[in-house]
Every structure is written in structure tokens, then in C-alpha cells.
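Participant: I have a structure here, written as C-alpha cells, and I will follow up with some questions on it.
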Amino acid sequence: MRAVIRITMVAMALILCQSCKDKKENSEEVKSQIEKEVTAKDILGNPDYLAISYGGYRAVTREIQPTLDELKEDMKILSAMGIKIVRTYNVQLQQASNLLKAIRELKKEDPKFEMYVMLGAWIDCKNAWTGLEPDHFVESEQNEGEIARAVALANEYPEIVKIVAVGNEAMVRWATSYYVQPGVILKWVTHLQQLKQEGKLPKDLWITSSDDFSSWGGGDSSYHTEDLEKLVKAVDYISMHTYAYHNSHYNPEFWLVPEDEEQLPDLAKIEAAMLRSKAFAIAQYDSVTNYLKSLGLNKPIHIGETGWATVSNGHYGPKGSKATDEYKEALYHQHIRKWTNKAGISCFYFEAFNEKWKDAQNKNGSENHFGLFTLDGQAKYALWDLVDQGIFEGLSRNGNPITKTYNGDEEALMKEVQAPPLKKEREVMQ
């Protein structure tokens, strides 16, 4: 009897040892996955790491910051749809630092949760946003502090912050309130690269600036300056913006229905126009590529912003270019994702959620309606298929479950969809 007991105890001990070994191996496997160093080089151009631009502001003013819980619920929603890197714009306010804190907490709660950040540092010229005349040849004294805050956050959250972008549309001349000369961006990019060399920033952190395609040499040759050439060489990659949506008003040749398409049904006219919109974005991307080639450079180029608004009472609405509705946004999102994923280009699609502070005095202004989700968490038409797949089950925004816009009534949605103007009509108006 004792022998049987002894054998049983030995067997139990062996089972327990094996169980402990299995648990240890599983634990080490999870730990290994967590500690695996994912770099910008791994992320950018990788379709397994979808990117998006993110603000998360709910109110008509940025003085009301999204809370930690609100940031967490947004990250869970974006993660569910395959997003793994989000882009922020400034570190003057608490949104970016709180977002990093929220992501770290989500990682602690679930070791498999994966989200990274392209951290934006806002850059201004002297007198920007003051009511005084902006001096585009002198930088704001606030820039130094903004860069210092970005450095501090990149060092505090190295497992999350993989890219720092110096400025947002900070060199393009139509940003009349605040733009600076390329030399200012070059100064701060060089500073950050030097900190990397000195071991004062993570060595695999990538540095860029996120700006309009023209600012990166893709447009007017007046942008082709010596400082821009130096900047192109100094950044780790180019982050360029392209907006066929805005150009449906300002540069509408590609958008208007040509004579040989006039007899097509409206949906066919729209689909043809959206394919031309994709081609417009590709042409701007190629123009930046060609500028780099002219300098003898072969550097990664990714899209820092492109998107399509769903509401507009201005240039892009029913009385303007008729570019604005959820159907066209869905087509553009589909075309852009398909192209960039296949081409190995990261696209920080603009943007995740509607924000109403951007045009606070005009609730139907297009800038408030670029989101793939509404403010209260309704998925726009571009994401209806994901709702059908159930990927948002159990998730909510502002207490609201993730449901479809228009109550999922496609017929009601399509009643607001209009074909672009005919080219000959626009020519008569001009």
C-alpha cells in the first residue's frame, strides 16, 4: 500500500513539475512577445500595422481634454479594427501624454494588446495665433519647450513612441497662421538626430516632419530650396499629406465628370471620380518620389494624412463640388487602403473619430466630419462591414455601443449621395 502511495506521490510530483514547467514556458513566451522590440522600421510599410490619425476630442474646445477612460475605449475600438499605430499632433496639452499612459495601462491589463504612437511636436512661427502679424522667417519661442516635451515622452514611453514628427503642415505656405521656413524644421530634426547619436533618445526612434506633398518638393519648384534638400537628407523618412477631397474644389480637373462619362448612371460617375481621386493621390506621392530621385536619394515615403469628409456646408457640399458623403468616403478609404497596403506604404488615414472643435462655430463644417466614426461612436458606411462581422461587440464610445450610421439603412444613406458636377457645366460657370 505504501509503495502504491509512494508511486502516486512521485507521479503527482512529476505532473506538478511538468505543469510548473509548462506555465513557466508559457509565461516566458508571453514575456518574450511583450519584450520583443518593435521598431518604426518594422511598422512603417507593414500592412499588419494599420495606421490612423487620432485626436479623440469630444467637445467644441480642446480645453476639455479626453479622459484616460475615454482614450482607453477609443484605443480598444481602433485595435479591434486592426489599427496598431496612431498619430498625434502636439504635446502642449495632456492628450498625447495621457494617451501614452492609457496605452501602457491597456498593455498591462492585456499583454497581447498592441498599439504604438507617432508623436507629433507642434511647430509655429513667431506671433502665430496671437492676432499679431505672423513672422514666417522667425520661429516661435514656444518651439523649444514643445520639442523638449516630446523628447521627455519618447524617453518615458520608448516601448510605445516609435516616431517623432517635427511639425504638422508647418512648412506649406497656405498655413498662413503659423508656417515656418524649412530651416526651422531642419534645426529641430537635426537636434533630435543628434540626441539619438548621443544615446539621449532611443536609437531606433525615427524622426520626420509631416507636411503637404508640395512642402516635400512634389509641387511648386519654389519649395526646392537648399534647406529642404538638407531636411530630406536629415529625416529618417518622408511623411507627406495628400487631399483629393480639398482639391475637388481648388483643383477640380480630375474631379469633374468628363464628356465621355456624361451618359453613365450617377453611381458609375461617382465610382469613376473616386478612382480618379486615388490616382490624384498616387500622382502626388509619385511627385515627391521624383523629387527625391532628382537629389539622388531613395528614402521611405509614407502618407501622414489623407482622408474624406462626410458633411460639408461649404466648398465640398451640395452647392459646391458635391464631394461629401459617406458613400464617397467609403470608396476613398477602400481605394487608399488597398493601394497603400499593396505598395508597402503606411497611411495614417485622417481620421479616426469626428471632432467638433476644429470648426467650432460651424457644426456642419467639413473639418468636423473626417472621422470614420461619429462623435457618439456610430460607424460610418466605410466600416459597416466590420459592424456586421461583430468586431465591435462589447465595445462602446461615450456609453454608446458601436452601431451603424443611418440605422444601417443604405437606401436612406444613398439619398444624400450626388454625382460630381459635369466638366462642361463648370466651364460655363467660369
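Ordering of the C-alpha cells sets the chain letters (A, B, ...); residue numbers start at 1 within each chain; ligands are numbered from 1 in the order shown.
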Determine, using only C-alpha atoms, which residues of stretch 282-396 of chain A have any atom at most 12 Å from an atom of stretch 53-58 of chain A, and tabulate each with its shortest atom pair and distance in Å to one decimal place, rows ordered by chain and then rising number, as JSON lines.

Facilitator:
```
{"residue": "A:Ile303", "atom": "CA", "partner": "A:Ser53", "partner_atom": "CA", "distance": 10.7}
{"residue": "A:Gly304", "atom": "CA", "partner": "A:Ser53", "partner_atom": "CA", "distance": 8.0}
{"residue": "A:Glu305", "atom": "CA", "partner": "A:Ser53", "partner_atom": "CA", "distance": 7.3}
{"residue": "A:Thr306", "atom": "CA", "partner": "A:Ser53", "partner_atom": "CA", "distance": 9.3}
{"residue": "A:Gly307", "atom": "CA", "partner": "A:Ser53", "partner_atom": "CA", "distance": 9.8}
{"residue": "A:Ser346", "atom": "CA", "partner": "A:Ser53", "partner_atom": "CA", "distance": 11.7}
{"residue": "A:Cys347", "atom": "CA", "partner": "A:Ser53", "partner_atom": "CA", "distance": 9.0}
{"residue": "A:Phe348", "atom": "CA", "partner": "A:Ser53", "partner_atom": "CA", "distance": 5.3}
{"residue": "A:Tyr349", "atom": "CA", "partner": "A:Ser53", "partner_atom": "CA", "distance": 5.8}
{"residue": "A:Phe350", "atom": "CA", "partner": "A:Ser53", "partner_atom": "CA", "distance": 5.1}
{"residue": "A:Glu351", "atom": "CA", "partner": "A:Ser53", "partner_atom": "CA", "distance": 4.9}
{"residue": "A:Ala352", "atom": "CA", "partner": "A:Tyr54", "partner_atom": "CA", "distance": 5.6}
{"residue": "A:Phe353", "atom": "CA", "partner": "A:Gly56", "partner_atom": "CA", "distance": 6.6}
{"residue": "A:Asn354", "atom": "CA", "partner": "A:Gly56", "partner_atom": "CA", "distance": 8.2}
{"residue": "A:Glu355", "atom": "CA", "partner": "A:Tyr57", "partner_atom": "CA", "distance": 5.8}
{"residue": "A:Lys356", "atom": "CA", "partner": "A:Arg58", "partner_atom": "CA", "distance": 7.0}
{"residue": "A:Trp357", "atom": "CA", "partner": "A:Tyr57", "partner_atom": "CA", "distance": 7.7}
{"residue": "A:Lys358", "atom": "CA", "partner": "A:Tyr57", "partner_atom": "CA", "distance": 9.8}
{"residue": "A:Ala360", "atom": "CA", "partner": "A:Arg58", "partner_atom": "CA", "distance": 11.5}
{"residue": "A:Asn368", "atom": "CA", "partner": "A:Arg58", "partner_atom": "CA", "distance": 10.8}
{"residue": "A:Phe370", "atom": "CA", "partner": "A:Ser53", "partner_atom": "CA", "distance": 10.4}
{"residue": "A:Gly371", "atom": "CA", "partner": "A:Tyr54", "partner_atom": "CA", "distance": 9.2}
{"residue": "A:Leu372", "atom": "CA", "partner": "A:Ser53", "partner_atom": "CA", "distance": 10.7}
{"residue": "A:Phe373", "atom": "CA", "partner": "A:Gly56", "partner_atom": "CA", "distance": 10.8}
{"residue": "A:Thr374", "atom": "CA", "partner": "A:Arg58", "partner_atom": "CA", "distance": 10.1}
{"residue": "A:Leu375", "atom": "CA", "partner": "A:Arg58", "partner_atom": "CA", "distance": 6.6}
{"residue": "A:Asp376", "atom": "CA", "partner": "A:Arg58", "partner_atom": "CA", "distance": 8.7}
{"residue": "A:Gly377", "atom": "CA", "partner": "A:Arg58", "partner_atom": "CA", "distance": 10.8}
```

Participant: A:Met171: which residues within 9 Å, counting only C-alpha atoms, same-chain residues fewer than 3 positions away excluded, as a ChimeraX atom specification?

Facilitator: /A:167-168,174-175,178-182,185,211-212,215-216

Participant: Write the residues of the selection above to a file with N, CA and C atoms, as a PDB file, in the first residue's frame.

Facilitator:
```
ATOM      1  N   GLY A 167       6.519  69.092 -36.352  1.00  0.00           N
ATOM      2  CA  GLY A 167       5.618  69.966 -37.092  1.00  0.00           C
ATOM      3  C   GLY A 167       4.568  69.220 -37.888  1.00  0.00           C
ATOM      4  N   ASN A 168       3.434  69.887 -38.071  1.00  0.00           N
ATOM      5  CA  ASN A 168       2.342  69.373 -38.889  1.00  0.00           C
ATOM      6  C   ASN A 168       1.932  70.457 -39.875  1.00  0.00           C
ATOM      7  N   TRP A 174       0.217  77.756 -47.511  1.00  0.00           N
ATOM      8  CA  TRP A 174      -1.193  78.080 -47.273  1.00  0.00           C
ATOM      9  C   TRP A 174      -1.564  77.993 -45.794  1.00  0.00           C
ATOM     10  N   ALA A 175      -0.666  77.502 -44.950  1.00  0.00           N
ATOM     11  CA  ALA A 175      -0.889  77.519 -43.496  1.00  0.00           C
ATOM     12  C   ALA A 175      -0.486  78.905 -42.979  1.00  0.00           C
ATOM     13  N   TYR A 178       0.698  80.155 -39.310  1.00  0.00           N
ATOM     14  CA  TYR A 178       1.793  79.674 -38.469  1.00  0.00           C
ATOM     15  C   TYR A 178       3.000  79.100 -39.203  1.00  0.00           C
ATOM     16  N   TYR A 179       3.007  79.014 -40.542  1.00  0.00           N
ATOM     17  CA  TYR A 179       4.066  78.246 -41.203  1.00  0.00           C
ATOM     18  C   TYR A 179       5.454  78.856 -40.992  1.00  0.00           C
ATOM     19  N   VAL A 180       6.449  77.987 -41.043  1.00  0.00           N
ATOM     20  CA  VAL A 180       7.845  78.388 -40.871  1.00  0.00           C
ATOM     21  C   VAL A 180       8.634  77.981 -42.111  1.00  0.00           C
ATOM     22  N   GLN A 181       9.869  78.430 -42.173  1.00  0.00           N
ATOM     23  CA  GLN A 181      10.763  78.037 -43.258  1.00  0.00           C
ATOM     24  C   GLN A 181      11.345  76.644 -42.963  1.00  0.00           C
ATOM     25  N   PRO A 182      11.726  75.905 -44.008  1.00  0.00           N
ATOM     26  CA  PRO A 182      12.284  74.563 -43.793  1.00  0.00           C
ATOM     27  C   PRO A 182      13.476  74.533 -42.842  1.00  0.00           C
ATOM     28  N   ILE A 185      12.442  73.567 -39.269  1.00  0.00           N
ATOM     29  CA  ILE A 185      12.206  72.128 -39.110  1.00  0.00           C
ATOM     30  C   ILE A 185      13.536  71.384 -39.123  1.00  0.00           C
ATOM     31  N   ASP A 211       4.022  66.812 -43.572  1.00  0.00           N
ATOM     32  CA  ASP A 211       3.659  68.033 -44.294  1.00  0.00           C
ATOM     33  C   ASP A 211       3.058  67.721 -45.652  1.00  0.00           C
ATOM     34  N   ASP A 212       2.473  68.759 -46.240  1.00  0.00           N
ATOM     35  CA  ASP A 212       1.856  68.667 -47.547  1.00  0.00           C
ATOM     36  C   ASP A 212       2.864  68.179 -48.593  1.00  0.00           C
ATOM     37  N   SER A 215       5.330  70.717 -49.864  1.00  0.00           N
ATOM     38  CA  SER A 215       6.423  71.083 -48.963  1.00  0.00           C
ATOM     39  C   SER A 215       7.584  70.108 -49.050  1.00  0.00           C
ATOM     40  N   TRP A 216       7.294  68.906 -49.547  1.00  0.00           N
ATOM     41  CA  TRP A 216       8.338  67.895 -49.726  1.00  0.00           C
ATOM     42  C   TRP A 216       8.843  67.871 -51.168  1.00  0.00           C
TER      43      TRP A 216
END
```

Participant: Could you tell me, as a short mmCIF file (atom, residue, chain, number, x, y, z; two decimals) with N, CA and C atoms, in the first residue's frame, which residues of stretch 185-393 of chain A DSSP assigns to alpha helix (DSSP H) when given the backbone?

Facilitator:
```cif
data_model
loop_
_atom_site.label_atom_id
_atom_site.label_comp_id
_atom_site.auth_asym_id
_atom_site.auth_seq_id
_atom_site.Cartn_x
_atom_site.Cartn_y
_atom_site.Cartn_z
N ILE A 185 12.44 73.57 -39.27
CA ILE A 185 12.21 72.13 -39.11
C ILE A 185 13.54 71.38 -39.12
N LEU A 186 14.42 71.79 -40.03
CA LEU A 186 15.75 71.17 -40.12
C LEU A 186 16.50 71.29 -38.80
N LYS A 187 16.42 72.46 -38.19
CA LYS A 187 17.11 72.69 -36.92
C LYS A 187 16.68 71.66 -35.87
N TRP A 188 15.36 71.44 -35.75
CA TRP A 188 14.88 70.56 -34.68
C TRP A 188 15.04 69.09 -35.06
N VAL A 189 14.91 68.75 -36.34
CA VAL A 189 15.18 67.37 -36.75
C VAL A 189 16.64 67.02 -36.49
N THR A 190 17.54 67.93 -36.83
CA THR A 190 18.96 67.71 -36.58
C THR A 190 19.25 67.55 -35.08
N HIS A 191 18.57 68.36 -34.29
CA HIS A 191 18.72 68.28 -32.82
C HIS A 191 18.30 66.90 -32.32
N LEU A 192 17.18 66.39 -32.79
CA LEU A 192 16.70 65.08 -32.34
C LEU A 192 17.61 63.96 -32.83
N GLN A 193 18.09 64.08 -34.05
CA GLN A 193 19.02 63.06 -34.56
C GLN A 193 20.32 63.05 -33.75
N GLN A 194 20.75 64.22 -33.33
CA GLN A 194 21.96 64.31 -32.50
C GLN A 194 21.74 63.65 -31.14
N LEU A 195 20.55 63.86 -30.57
CA LEU A 195 20.24 63.21 -29.29
C LEU A 195 20.26 61.70 -29.43
N LYS A 196 19.80 61.18 -30.55
CA LYS A 196 19.88 59.74 -30.79
C LYS A 196 21.33 59.27 -30.80
N GLN A 197 22.17 60.01 -31.50
CA GLN A 197 23.58 59.63 -31.59
C GLN A 197 24.27 59.66 -30.22
N GLU A 226 17.69 74.89 -50.64
CA GLU A 226 18.83 74.17 -50.07
C GLU A 226 18.47 73.56 -48.72
N ASP A 227 17.72 74.31 -47.92
CA ASP A 227 17.33 73.78 -46.60
C ASP A 227 16.40 72.59 -46.73
N LEU A 228 15.50 72.61 -47.73
CA LEU A 228 14.63 71.46 -47.91
C LEU A 228 15.45 70.24 -48.30
N GLU A 229 16.43 70.43 -49.15
CA GLU A 229 17.30 69.32 -49.55
C GLU A 229 18.03 68.75 -48.33
N LYS A 230 18.50 69.61 -47.46
CA LYS A 230 19.17 69.14 -46.24
C LYS A 230 18.18 68.42 -45.32
N LEU A 231 16.95 68.93 -45.26
CA LEU A 231 15.94 68.31 -44.41
C LEU A 231 15.59 66.91 -44.91
N VAL A 232 15.41 66.78 -46.21
CA VAL A 232 15.10 65.48 -46.79
C VAL A 232 16.18 64.46 -46.42
N LYS A 233 17.41 64.90 -46.40
CA LYS A 233 18.52 64.01 -46.04
C LYS A 233 18.55 63.72 -44.53
N ALA A 234 18.04 64.66 -43.73
CA ALA A 234 18.15 64.53 -42.27
C ALA A 234 17.08 63.63 -41.66
N ALA A 244 -7.15 64.74 -52.13
CA ALA A 244 -8.00 64.88 -53.32
C ALA A 244 -9.31 65.56 -52.92
N TYR A 245 -9.78 65.31 -51.71
CA TYR A 245 -11.05 65.88 -51.24
C TYR A 245 -11.04 67.40 -51.37
N HIS A 246 -10.04 68.06 -50.81
CA HIS A 246 -9.97 69.52 -50.89
C HIS A 246 -9.78 69.99 -52.32
N ASN A 247 -9.04 69.22 -53.08
CA ASN A 247 -8.78 69.61 -54.46
C ASN A 247 -9.98 69.42 -55.36
N SER A 248 -11.03 68.75 -54.88
CA SER A 248 -12.27 68.68 -55.66
C SER A 248 -12.84 70.08 -55.85
N HIS A 249 -12.44 71.03 -55.01
CA HIS A 249 -12.82 72.44 -55.16
C HIS A 249 -11.68 73.28 -55.74
N TYR A 250 -10.47 73.14 -55.18
CA TYR A 250 -9.38 74.03 -55.53
C TYR A 250 -8.66 73.65 -56.83
N ASP A 266 -25.44 57.70 -62.26
CA ASP A 266 -24.76 58.51 -61.25
C ASP A 266 -23.74 57.71 -60.44
N LEU A 267 -24.10 56.48 -60.07
CA LEU A 267 -23.16 55.68 -59.27
C LEU A 267 -21.89 55.39 -60.05
N ALA A 268 -22.03 55.15 -61.35
CA ALA A 268 -20.86 54.90 -62.18
C ALA A 268 -20.00 56.17 -62.29
N LYS A 269 -20.65 57.32 -62.37
CA LYS A 269 -19.90 58.59 -62.40
C LYS A 269 -19.11 58.77 -61.10
N ILE A 270 -19.77 58.45 -60.00
CA ILE A 270 -19.11 58.59 -58.69
C ILE A 270 -17.93 57.63 -58.57
N GLU A 271 -18.13 56.39 -58.95
CA GLU A 271 -17.06 55.40 -58.83
C GLU A 271 -15.87 55.77 -59.71
N ALA A 272 -16.15 56.31 -60.89
CA ALA A 272 -15.06 56.75 -61.77
C ALA A 272 -14.32 57.94 -61.14
N ALA A 273 -15.07 58.85 -60.53
CA ALA A 273 -14.45 60.01 -59.89
C ALA A 273 -13.59 59.60 -58.70
N MET A 274 -14.03 58.58 -57.96
CA MET A 274 -13.25 58.14 -56.80
C MET A 274 -11.99 57.41 -57.24
N LEU A 275 -12.04 56.73 -58.37
CA LEU A 275 -10.81 56.12 -58.90
C LEU A 275 -9.84 57.21 -59.36
N ARG A 276 -10.38 58.29 -59.91
CA ARG A 276 -9.51 59.42 -60.29
C ARG A 276 -8.93 60.09 -59.04
N SER A 277 -9.69 60.07 -57.95
CA SER A 277 -9.20 60.64 -56.69
C SER A 277 -8.02 59.84 -56.16
N LYS A 278 -8.13 58.51 -56.27
CA LYS A 278 -7.00 57.67 -55.88
C LYS A 278 -5.80 57.96 -56.77
N ALA A 279 -6.04 58.08 -58.06
CA ALA A 279 -4.95 58.38 -59.00
C ALA A 279 -4.31 59.73 -58.68
N PHE A 280 -5.13 60.68 -58.23
CA PHE A 280 -4.63 62.00 -57.84
C PHE A 280 -3.65 61.86 -56.68
N ALA A 281 -4.02 61.06 -55.68
CA ALA A 281 -3.15 60.84 -54.52
C ALA A 281 -1.86 60.14 -54.95
N ILE A 282 -1.98 59.16 -55.81
CA ILE A 282 -0.80 58.44 -56.28
C ILE A 282 0.13 59.38 -57.04
N ALA A 283 -0.45 60.27 -57.85
CA ALA A 283 0.36 61.22 -58.62
C ALA A 283 1.13 62.16 -57.69
N GLN A 284 0.50 62.60 -56.61
CA GLN A 284 1.21 63.46 -55.66
C GLN A 284 2.30 62.69 -54.93
N TYR A 285 2.02 61.45 -54.59
CA TYR A 285 3.05 60.60 -53.97
C TYR A 285 4.23 60.44 -54.93
N ASP A 286 3.93 60.17 -56.17
CA ASP A 286 4.99 59.99 -57.17
C ASP A 286 5.80 61.27 -57.38
N SER A 287 5.14 62.42 -57.26
CA SER A 287 5.86 63.68 -57.46
C SER A 287 6.91 63.90 -56.38
N VAL A 288 6.61 63.47 -55.15
CA VAL A 288 7.60 63.56 -54.07
C VAL A 288 8.72 62.54 -54.32
N THR A 289 8.34 61.35 -54.75
CA THR A 289 9.33 60.32 -55.09
C THR A 289 10.30 60.84 -56.15
N ASN A 290 9.76 61.50 -57.17
CA ASN A 290 10.60 62.02 -58.25
C ASN A 290 11.53 63.14 -57.77
N TYR A 291 11.05 63.95 -56.83
CA TYR A 291 11.92 64.99 -56.27
C TYR A 291 13.09 64.36 -55.54
N LEU A 292 12.82 63.32 -54.75
CA LEU A 292 13.91 62.64 -54.05
C LEU A 292 14.89 62.01 -55.03
N LYS A 293 14.36 61.43 -56.10
CA LYS A 293 15.23 60.85 -57.12
C LYS A 293 16.13 61.91 -57.75
N SER A 294 15.58 63.12 -57.92
CA SER A 294 16.37 64.20 -58.51
C SER A 294 17.54 64.59 -57.61
N GLU A 326 -20.99 59.85 -47.06
CA GLU A 326 -20.38 58.63 -46.51
C GLU A 326 -20.06 57.59 -47.58
N TYR A 327 -20.82 57.59 -48.66
CA TYR A 327 -20.55 56.63 -49.73
C TYR A 327 -19.20 56.91 -50.37
N LYS A 328 -18.92 58.18 -50.65
CA LYS A 328 -17.64 58.54 -51.27
C LYS A 328 -16.49 58.32 -50.29
N GLU A 329 -16.72 58.63 -49.03
CA GLU A 329 -15.68 58.37 -48.03
C GLU A 329 -15.33 56.89 -48.00
N ALA A 330 -16.35 56.04 -48.06
CA ALA A 330 -16.11 54.60 -48.01
C ALA A 330 -15.29 54.14 -49.22
N LEU A 331 -15.62 54.65 -50.39
CA LEU A 331 -14.87 54.28 -51.59
C LEU A 331 -13.43 54.76 -51.50
N TYR A 332 -13.24 56.00 -51.02
CA TYR A 332 -11.87 56.53 -50.93
C TYR A 332 -11.04 55.73 -49.93
N HIS A 333 -11.62 55.46 -48.77
CA HIS A 333 -10.93 54.69 -47.74
C HIS A 333 -10.54 53.31 -48.29
N GLN A 334 -11.47 52.67 -48.99
CA GLN A 334 -11.20 51.35 -49.56
C GLN A 334 -10.07 51.42 -50.59
N HIS A 335 -10.14 52.39 -51.49
CA HIS A 335 -9.12 52.51 -52.55
C HIS A 335 -7.74 52.82 -51.97
N ILE A 336 -7.70 53.74 -51.01
CA ILE A 336 -6.41 54.16 -50.45
C ILE A 336 -5.77 53.04 -49.65
N ARG A 337 -6.57 52.35 -48.83
CA ARG A 337 -6.02 51.23 -48.06
C ARG A 337 -5.51 50.13 -48.98
N LYS A 338 -6.26 49.83 -50.01
CA LYS A 338 -5.85 48.76 -50.94
C LYS A 338 -4.54 49.12 -51.62
N TRP A 339 -4.45 50.37 -52.11
CA TRP A 339 -3.21 50.80 -52.79
C TRP A 339 -2.02 50.80 -51.84
N THR A 340 -2.17 51.46 -50.68
CA THR A 340 -1.02 51.62 -49.79
C THR A 340 -0.58 50.29 -49.19
N ASN A 341 -1.53 49.43 -48.83
CA ASN A 341 -1.16 48.13 -48.29
C ASN A 341 -0.38 47.30 -49.30
N LYS A 342 -0.83 47.32 -50.55
CA LYS A 342 -0.16 46.56 -51.59
C LYS A 342 1.22 47.15 -51.91
N ALA A 343 1.33 48.48 -51.86
CA ALA A 343 2.57 49.15 -52.23
C ALA A 343 3.58 49.24 -51.10
N TRP A 384 -19.21 49.69 -42.07
CA TRP A 384 -20.41 48.89 -41.81
C TRP A 384 -20.13 47.39 -41.85
N ASP A 385 -19.25 46.98 -42.75
CA ASP A 385 -18.96 45.55 -42.84
C ASP A 385 -18.31 45.02 -41.57
N LEU A 386 -17.51 45.89 -40.90
CA LEU A 386 -16.88 45.46 -39.65
C LEU A 386 -17.92 45.32 -38.54
N VAL A 387 -18.94 46.18 -38.55
CA VAL A 387 -20.03 46.03 -37.59
C VAL A 387 -20.73 44.70 -37.83
N ASP A 388 -20.98 44.39 -39.11
CA ASP A 388 -21.65 43.12 -39.44
C ASP A 388 -20.82 41.92 -38.98
N GLN A 389 -19.51 42.06 -39.01
CA GLN A 389 -18.63 40.96 -38.59
C GLN A 389 -18.58 40.80 -37.07
#
```

Participant: Choose the residue, out of A:Lys76, A:Lys162, A:Lys41, A:His302, that has the smallest atom-to-atom separation from A:His241; count only C-alpha atoms.

Facilitator: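 Nearest to A:His241: A:His302.
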
Participant: Just want the 9 Å neighbourhood of stretch 129-133 of chain A, counted on only C-alpha atoms, with same-chain residues fewer than 3 positions away dropped. Output as an mmCIF file with C-alpha atoms, in the first residue's frame.

Facilitator:
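The new file around.cif reads:
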```
data_model
loop_
_atom_site.group_PDB
_atom_site.id
_atom_site.type_symbol
_atom_site.label_atom_id
_atom_site.label_comp_id
_atom_site.auth_asym_id
_atom_site.auth_seq_id
_atom_site.Cartn_x
_atom_site.Cartn_y
_atom_site.Cartn_z
ATOM 1 C CA ASP A 124 4.877 77.603 -35.112
ATOM 2 C CA LYS A 126 6.681 83.949 -34.307
ATOM 3 C CA SER A 177 -1.401 81.442 -39.484
ATOM 4 C CA TYR A 178 1.793 79.674 -38.469
#
```

Participant: Report, in Å with one decimal, the straight-line distance from atom CA of A:Asp409 to atom CA of A:Asn313.

Facilitator: 22.9 Å

Participant: Counting only C-alpha atoms, which residue out of A:Ser321, A:Gly365, A:Thr61, A:Ala150 sits closest to A:Asn251?

Facilitator: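 Under the stated criterion, the closest residue is A:Ser321.
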
Participant: Which residues, written as an MDAnalysis selection string, have at least one atom at most 10 Å from A:Leu153, with only C-alpha atoms counted and residues fewer than 6 positions away on the same chain left out?

Facilitator: chainID A and resid 91 96:97 100 119 147 160:161

Participant: Put those residues in a file: N, CA and C atoms, as a PDB file, in the first residue's frame.

Facilitator:
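Result file is part22.pdb:
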```
ATOM      1  N   VAL A  91       2.233  68.160 -28.092  1.00  0.00           N
ATOM      2  CA  VAL A  91       2.407  67.759 -26.693  1.00  0.00           C
ATOM      3  C   VAL A  91       2.261  68.962 -25.771  1.00  0.00           C
ATOM      4  N   ALA A  96      -1.755  63.846 -25.593  1.00  0.00           N
ATOM      5  CA  ALA A  96      -0.725  62.895 -26.023  1.00  0.00           C
ATOM      6  C   ALA A  96      -0.135  62.130 -24.839  1.00  0.00           C
ATOM      7  N   SER A  97       0.208  62.836 -23.775  1.00  0.00           N
ATOM      8  CA  SER A  97       0.804  62.156 -22.620  1.00  0.00           C
ATOM      9  C   SER A  97      -0.195  61.213 -21.963  1.00  0.00           C
ATOM     10  N   LEU A 100      -0.496  58.030 -24.086  1.00  0.00           N
ATOM     11  CA  LEU A 100       0.609  57.097 -23.831  1.00  0.00           C
ATOM     12  C   LEU A 100       0.381  56.342 -22.524  1.00  0.00           C
ATOM     13  N   LEU A 119       4.394  60.392 -32.456  1.00  0.00           N
ATOM     14  CA  LEU A 119       4.194  61.529 -31.563  1.00  0.00           C
ATOM     15  C   LEU A 119       4.497  62.841 -32.292  1.00  0.00           C
ATOM     16  N   ILE A 147       9.545  70.725 -28.245  1.00  0.00           N
ATOM     17  CA  ILE A 147      10.488  69.662 -28.585  1.00  0.00           C
ATOM     18  C   ILE A 147      10.988  68.963 -27.316  1.00  0.00           C
ATOM     19  N   ILE A 160       6.365  52.469 -26.706  1.00  0.00           N
ATOM     20  CA  ILE A 160       5.152  52.913 -27.412  1.00  0.00           C
ATOM     21  C   ILE A 160       5.469  53.950 -28.489  1.00  0.00           C
ATOM     22  N   VAL A 161       6.274  54.942 -28.145  1.00  0.00           N
ATOM     23  CA  VAL A 161       6.609  56.003 -29.101  1.00  0.00           C
ATOM     24  C   VAL A 161       7.684  55.496 -30.058  1.00  0.00           C
TER      25      VAL A 161
END
```

Participant: Looking at only C-alpha atoms, which of A:Ser209, A:Thr39, A:Asn46, A:Gln94 is the one that sits closest to A:Ala121?

Facilitator: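 For A:Ala121, the nearest of the candidates is A:Ser209.
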
Participant: Any chance you could list, as a VMD selection string, the residues in stretch 59-158 of chain A that come up strand (DSSP E) when DSSP is run on the backbone?

Facilitator: chain A and resid 83 to 87 116 to 121 125 to 126 135 to 139

Participant: Could you check how far atom CA of A:Ile43 sits from atom CA of A:Met81, in Å to one decimal?

Facilitator: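 Computed distance, atom CA of A:Ile43 to atom CA of A:Met81, equals 16.6 Å.
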
Participant: Just how far from atom CA of A:Ala382 is atom CA of A:Thr403, in Å to one decimal?

Facilitator: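 Taking atom CA of A:Thr403 as the start and atom CA of A:Ala382 as the end point, the length is 12.5 Å.
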
Participant: Using only C-alpha atoms, can you tell me which of A:Lys404, A:Arg426, A:Arg104, A:Arg397 comes closest to A:Ala379?

Facilitator: A:Lys404
